[in-house]
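Working notes for the structure below.
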Amino acid sequence: MSELFVCEKPSVARDLATAISGGYKEGEGCYIGNDEKIYTFAFGHLVNCVSPESINEDWGWKGSVNKLPFFIKDIPLTVIDNPGEKKQFKAIKKLMKEAELVYISTDAGREGEHIFRKIYSMSGIQKPLKRMWIQDMTKEGLIKAFKNAKDGSLYEGLAIAGKLREESDLLIGINSTMMVTKLSKSPKVLSLGRVQTPTLAMVVNRDKIIGNFSKVVHYSIAANDKNGAKYELVLEKDTHLTKDAAQAILDTLGGRTAFNITSKNKEERPEKLFDLTGLQKFMNEKEKWSADRTLKITQALYEKKYVTYPRTSSQYIANDSELPALLEKHAAHEWVTNIISKGYKIEPSFVDPSKVTDHEAIVITSKVAKNLSGDEATLYDVIFTKFLAAFYPYSIKEETTSTFMDQEYTFKAKETVLVKAGWRELYGEVLQEASLKHISLNDIGDYTLIQKETKPPKRYTEGTLLHDMQHAAKFLDEASDRKMIKSVEGIGTSATRSDIIEKLVGRGFVERKKNQIISTTLGQELIEMMPEDFSLYSVKLTAFFETMLSQVEHGELKEETFYEELEGLIKRTAEEIKRNVKTLSVAANPGKEAIALCPKCKKAVYENSKAYSCSGYKEGCKTTLWKNALEKLGKKTVTKTEAGKLISGKIIKVNLKSKQGNAYKANVTFNLEKNWIEFADK
C-alpha cells in the first residue's frame with residue numbers, strides 16, 4: 001500500500017523516514033524510505049488566503065473608505081507566489097495523487113493541521129487520511145506517533161477552527177487597519193488586530209497609570225532587634241500616616257508587653273514543569289531574553305531531539321510510564337544518579353492527562369544532549385534542571401512571626417528561612433539559620449520614624465506582559481467573563497504571544513528599553529483615539545473568539561454560527577472606528593519623534609528650534625514650553641527629556657544659579673494654563 005507522509009518541514013520528513021523506514025534516499029520534493037514509504041514536506045505555509053482586493057478592488061487600499069467594511073466567507077486559497085513554494089506544492093500534489101493513504105504529519109496543533117488542510121484543499125484530491133500527533137522528536141517518539149495515528153476525520157473540527165481563525169484575523173485586521181489608517185490620514189499603516197490591539201492597550205494603560213502617578217509620602221514606626229530584624233507598626237491596609245500622626249503615636253509609646261513568637265514549617269513542592277509561556281517568562285527574568293528568542297532556541301533544541309514540542313500550553317505530562325527509561329539514558333549525571341538510587345518519583349500532581357491538550361509540558365527527551373554551546377546550552381540546562389527538580393523531595397521553609405504590644409499598637413517582624421533544601425538544592429540554595437525565634441523583648445532597640453512612599457506599578461517587561469496576556473481574566477469585572485477567558489488561557493496562545501510582541505515592536509507601537517516594554521507616542525495615540533470600550537481593545541472579545549474556536553474544534557458550534565458572530569463584530573467595530581477616528585497628530589509629523597502627549601488635547605508635542613509645542617495648534621491648542629523658560633534662573637535650556645516630564649505633569653529637580661552665581665537645586669513644574677515653568681513649592 002502506497003503511504004505518503006506530509007510534514008511541515010524537510011527536517012521532520014528526514015527524521016520520520018529514518019525512524020519509520022530505517023533510512024531514505026532523496027526523491028523529487030520528497031524522501032523515499034527504505035520500505036518505499038514516501039515523506040514529503042512543506043516549508044511551513046505553502047498556501048494562503050487570497051488578497052481581498054483580488055476579489056473586489058473596493059476592498060483594497062485604493063478603494064474608498066466608504067466601501068468598508070467588507071465580509072466574505074470561505075476565502076479562496078492560493079499558492080504563495082514564490083518559485084520554490086510553487087514547485088514544492090506541485091510535487092506534493094503529484095505525490096498525493098499517487099498515494100493510497102496520506103498521513104498528516106505536520107505539527108500537532110491547530111496551526112499544523114491548518115497548514116496541511118490548505119495544501120490538501122488546493123490540490124482538489126480526496127484520499128484516506130490518518131493523523132500523526134508528534135510530541136517527541138526522538139526515534140521512540142516518532143514510532144509511537146506512527147503506531148498511534150488516528151483517522152483524519154477525528155480532526156475535522158480542528159481543521160475548521162484553523163480555517164476560521166485565519167479568516168477572522170484577516171477580516172478583522174484588514175478592515176480595521178485600512179479604516180483607521182485612511183480616516184486618520186496616517187502616512188504609515190496603523191495595524192490593528194484581534195490579539196495585538198488589546199495587548200497594546202494593556203501596555204498603553206500601564207504607561208498611562210505610571211505617567212499620571214503622584215507619589216504619597218507617608219510614615220511608620222519601627223524598632224530593630226540586635227540581628228537587624230525590623231519590628232514595624234501594624235496598620236490597616238492602605239492606611240498612610242502623615243509625619244505628625246506617626247510622631248503623635250510615637251510620643252505615646254513606652255510600655256512593651258505581650259511578646260509572642262510563633263514558628264511553623266511549610267512544605268514547598270517543586271515548581272510546575274514549563275509550558276512555553278512559563279519558559280519565556282523565566283528566561284526573560286533570568287537572562288533578559290525576548291520571548292521570540294526563547295521560542296527560537298527551544299525550537300532548535302526540539303529539532304535536535306533534545307526537548308519535547310515547544311509550542312505547548314500545558315505544564316503537565318500525560319503519564320509517567322516512560323520516565324524510568326528516560327532517566328536511565330541520562331544516568332551519567334549526578335542528579336539523575338541520585339534520583340534513581342534513592343527511588344525518587346516525579347511529583348504526582350504533575351502527571352495529569354486531563355490537563356494535557358495538544359502537547360505535554362516542555363521536558364527533556366531520552367536523547368542525551370552533546371556539544372551544546374551558547375544559548376542552546378543555557379536554555380537546555382534550564383529545562384533539564386526544572387525537569388529533574390520535579391523528582392526531588394519537597395523543600396521546607398520555617399516561617400517565624402514575632403509580635404509585641406505597646407499601648408494599643410501591635411508591632412510585628414517576620415522571617416522565613418530554608419531548613420530543608422529538597423528540590424531547591426538543584427538551584428544552589430543553601431540552608432539558613434533562623435534568628436528571630438531566639439530573640440527576647442530586651443533584644444529590641446529604640447523606635448524610629450521611617451519615611452516611606454507609594455510606588456507606581458512597574459513598567460512591563462516581556463515576562464510580565466506575557467503573564468498578563470496569559471492571565472488576562474484579571475482585567476475583567478464579570479465573573480462569567482473571567483471564567484471564559486481562563487478556560488482559553490488568556491489572550492493569544494503559547495505559540496503566538498511572542499509573535500504579537502514582535503509585531504508591536506516592529507510596527508512602532510511599543511519599544512524595548514532595558515528589558516522594558518514601553519508604548520510609543522504612536523501606540524498611545526492609536527489607543528487614545530478610541531473609546532475605552534472599543535471592541536478591539538477588549539480582552540473579553542479575544543476570549544470570546546477563542547472560546548468559539550474551541551467550540552468549533554470540539555463540534556459544539558457550527559461554522560455558520562461562527563460566521564454570523566464574526567460579521568456582526570466587524571460591522572460594530574467599523575461603526576466605532578467611523579465615529580471616533582480623527583487625524584493623528586503623529587501623521588502630520590512622520591519624521592519627528594513626539595516628546596509627550598498634550599494634557600489638554602491629547603495631540604503629540606514636538607520639538608522645534610525655540611520650544612516644545614503641541615501639534616494641535618491648528619485646532620486652537622496653545623500648549624507651548626519655551627526652551628529658555630529657565631534662563632533667568634541660571635539654566636540656559638530646558639532639555640527634551642525635562643520638557644517631556646514637565647508637560648506630562650511631573651515635578652522635576654533642576655540645577656539653577658542665583659543672581660549672585662550660587663548653584664542650587666529646586667523642584668519645578670509646568671503651569672499648563674500660563675505656559676511657564678514655576679517653582680513646585682509655591
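For the C-alpha cells, the naming scheme is as follows: chains receive sequential letters (A, B, ...) according to their order of presentation, residues are indexed from 1 within each chain, and ligands are indexed from 1 in presentation order.
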
Residue list (helix (DSSP H, G or I), DSSP) for region 68-131 of chain A, as a VMD selection string: chain A and resid 83 to 98 110 to 123

Give me a file of those residues, with C-alpha atoms, as a PDB file, in the first residue's frame.
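Full text of selection31.pdb as output:
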```
ATOM      1  CA  PRO A  83       9.038  29.720  -7.319  1.00  0.00           C
ATOM      2  CA  GLY A  84      10.196  27.415  -4.505  1.00  0.00           C
ATOM      3  CA  GLU A  85       6.768  27.198  -2.864  1.00  0.00           C
ATOM      4  CA  LYS A  86       5.034  26.675  -6.213  1.00  0.00           C
ATOM      5  CA  LYS A  87       7.420  23.895  -7.194  1.00  0.00           C
ATOM      6  CA  GLN A  88       7.001  22.099  -3.865  1.00  0.00           C
ATOM      7  CA  PHE A  89       3.216  22.380  -3.995  1.00  0.00           C
ATOM      8  CA  LYS A  90       3.201  20.683  -7.407  1.00  0.00           C
ATOM      9  CA  ALA A  91       5.419  17.909  -6.034  1.00  0.00           C
ATOM     10  CA  ILE A  92       3.100  17.321  -3.049  1.00  0.00           C
ATOM     11  CA  LYS A  93       0.016  17.340  -5.272  1.00  0.00           C
ATOM     12  CA  LYS A  94       1.553  14.761  -7.593  1.00  0.00           C
ATOM     13  CA  LEU A  95       2.566  12.537  -4.667  1.00  0.00           C
ATOM     14  CA  MET A  96      -0.891  12.767  -3.052  1.00  0.00           C
ATOM     15  CA  LYS A  97      -2.498  11.787  -6.353  1.00  0.00           C
ATOM     16  CA  GLU A  98      -0.344   8.657  -6.489  1.00  0.00           C
ATOM     17  CA  ARG A 110      -4.439  23.889  15.153  1.00  0.00           C
ATOM     18  CA  GLU A 111      -1.825  25.677  13.033  1.00  0.00           C
ATOM     19  CA  GLY A 112      -0.112  22.497  11.863  1.00  0.00           C
ATOM     20  CA  GLU A 113      -3.458  20.959  10.925  1.00  0.00           C
ATOM     21  CA  HIS A 114      -4.384  24.122   9.029  1.00  0.00           C
ATOM     22  CA  ILE A 115      -1.116  24.106   7.070  1.00  0.00           C
ATOM     23  CA  PHE A 116      -1.853  20.598   5.776  1.00  0.00           C
ATOM     24  CA  ARG A 117      -5.559  21.184   5.121  1.00  0.00           C
ATOM     25  CA  LYS A 118      -4.882  24.218   2.936  1.00  0.00           C
ATOM     26  CA  ILE A 119      -2.497  22.200   0.791  1.00  0.00           C
ATOM     27  CA  TYR A 120      -4.968  19.316   0.676  1.00  0.00           C
ATOM     28  CA  SER A 121      -7.863  21.627  -0.246  1.00  0.00           C
ATOM     29  CA  MET A 122      -5.894  23.347  -3.019  1.00  0.00           C
ATOM     30  CA  SER A 123      -4.887  20.006  -4.506  1.00  0.00           C
TER      31      SER A 123
END
```

For a test of reading the model, state the distance in Å between CA of Ile261 (chain A) and CA of Lys437 (chain A), rounded to one decimal. 6.3 Å

Counting only C-alpha atoms, the residue among A:Tyr606, A:Tyr617, A:Tyr447, A:Phe391 that lies closest to Asn224 (chain A) is A:Tyr447

DSSP-assigned strand (DSSP E) members of region 287-435 of chain A, reported as a PyMOL selection string: chain A and resi 395-406+409-420

Got time to write the residues from that selection, C-alpha atoms, as a PDB file, in the first residue's frame?
```pdb
ATOM      1  CA  SER A 395      11.787  21.723  50.355  1.00  0.00           C
ATOM      2  CA  ILE A 396      10.821  23.001  53.803  1.00  0.00           C
ATOM      3  CA  LYS A 397      10.823  26.608  54.928  1.00  0.00           C
ATOM      4  CA  GLU A 398      10.405  27.738  58.501  1.00  0.00           C
ATOM      5  CA  GLU A 399       8.225  30.815  58.871  1.00  0.00           C
ATOM      6  CA  THR A 400       8.551  32.770  62.123  1.00  0.00           C
ATOM      7  CA  THR A 401       6.351  35.653  63.237  1.00  0.00           C
ATOM      8  CA  SER A 402       7.184  37.721  66.298  1.00  0.00           C
ATOM      9  CA  THR A 403       4.908  40.393  67.796  1.00  0.00           C
ATOM     10  CA  PHE A 404       4.617  42.633  70.798  1.00  0.00           C
ATOM     11  CA  MET A 405       2.192  45.285  72.003  1.00  0.00           C
ATOM     12  CA  ASP A 406       2.908  48.836  73.050  1.00  0.00           C
ATOM     13  CA  TYR A 409      -0.449  49.236  68.981  1.00  0.00           C
ATOM     14  CA  THR A 410       0.963  45.994  67.563  1.00  0.00           C
ATOM     15  CA  PHE A 411       4.477  45.635  66.162  1.00  0.00           C
ATOM     16  CA  LYS A 412       5.424  42.658  64.017  1.00  0.00           C
ATOM     17  CA  ALA A 413       8.516  41.086  62.443  1.00  0.00           C
ATOM     18  CA  LYS A 414       8.610  38.107  60.072  1.00  0.00           C
ATOM     19  CA  GLU A 415      11.369  35.749  58.967  1.00  0.00           C
ATOM     20  CA  THR A 416      11.435  32.851  56.504  1.00  0.00           C
ATOM     21  CA  VAL A 417      14.443  30.518  56.284  1.00  0.00           C
ATOM     22  CA  LEU A 418      15.164  27.355  54.301  1.00  0.00           C
ATOM     23  CA  VAL A 419      15.599  24.422  56.696  1.00  0.00           C
ATOM     24  CA  LYS A 420      15.444  21.508  54.211  1.00  0.00           C
TER      25      LYS A 420
END
```

Counting only C-alpha atoms, which residues of region 219-276 of chain A sit at most 12 Å from some atom of region 489-505 of chain A, and what is each one's closest atom pair with its distance in Å to one decimal, listed by chain and rising residue number, as a Markdown table?
```
| residue | atom | partner | partner_atom | distance |
| --- | --- | --- | --- | --- |
| A:Phe274 | CA | A:Ser494 | CA | 11.3 |
| A:Asp275 | CA | A:Ser494 | CA | 7.8 |
| A:Leu276 | CA | A:Ser494 | CA | 5.7 |
```

Got time to write the residues from that selection, C-alpha atoms, as a PDB file, in the first residue's frame?
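Final file, again35.pdb:
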```pdb
ATOM      1  CA  PHE A 274       7.427  24.528  31.797  1.00  0.00           C
ATOM      2  CA  ASP A 275       4.809  25.438  29.257  1.00  0.00           C
ATOM      3  CA  LEU A 276       6.102  27.798  26.562  1.00  0.00           C
TER       4      LEU A 276
END
```

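Close contacts of region 635-639 of chain A, defined as residues with an atom at most 6 Å away when counting only C-alpha atoms, with chain neighbours fewer than 6 positions off set aside, comprise Lys627, Asn628 and Leu656 of chain A.
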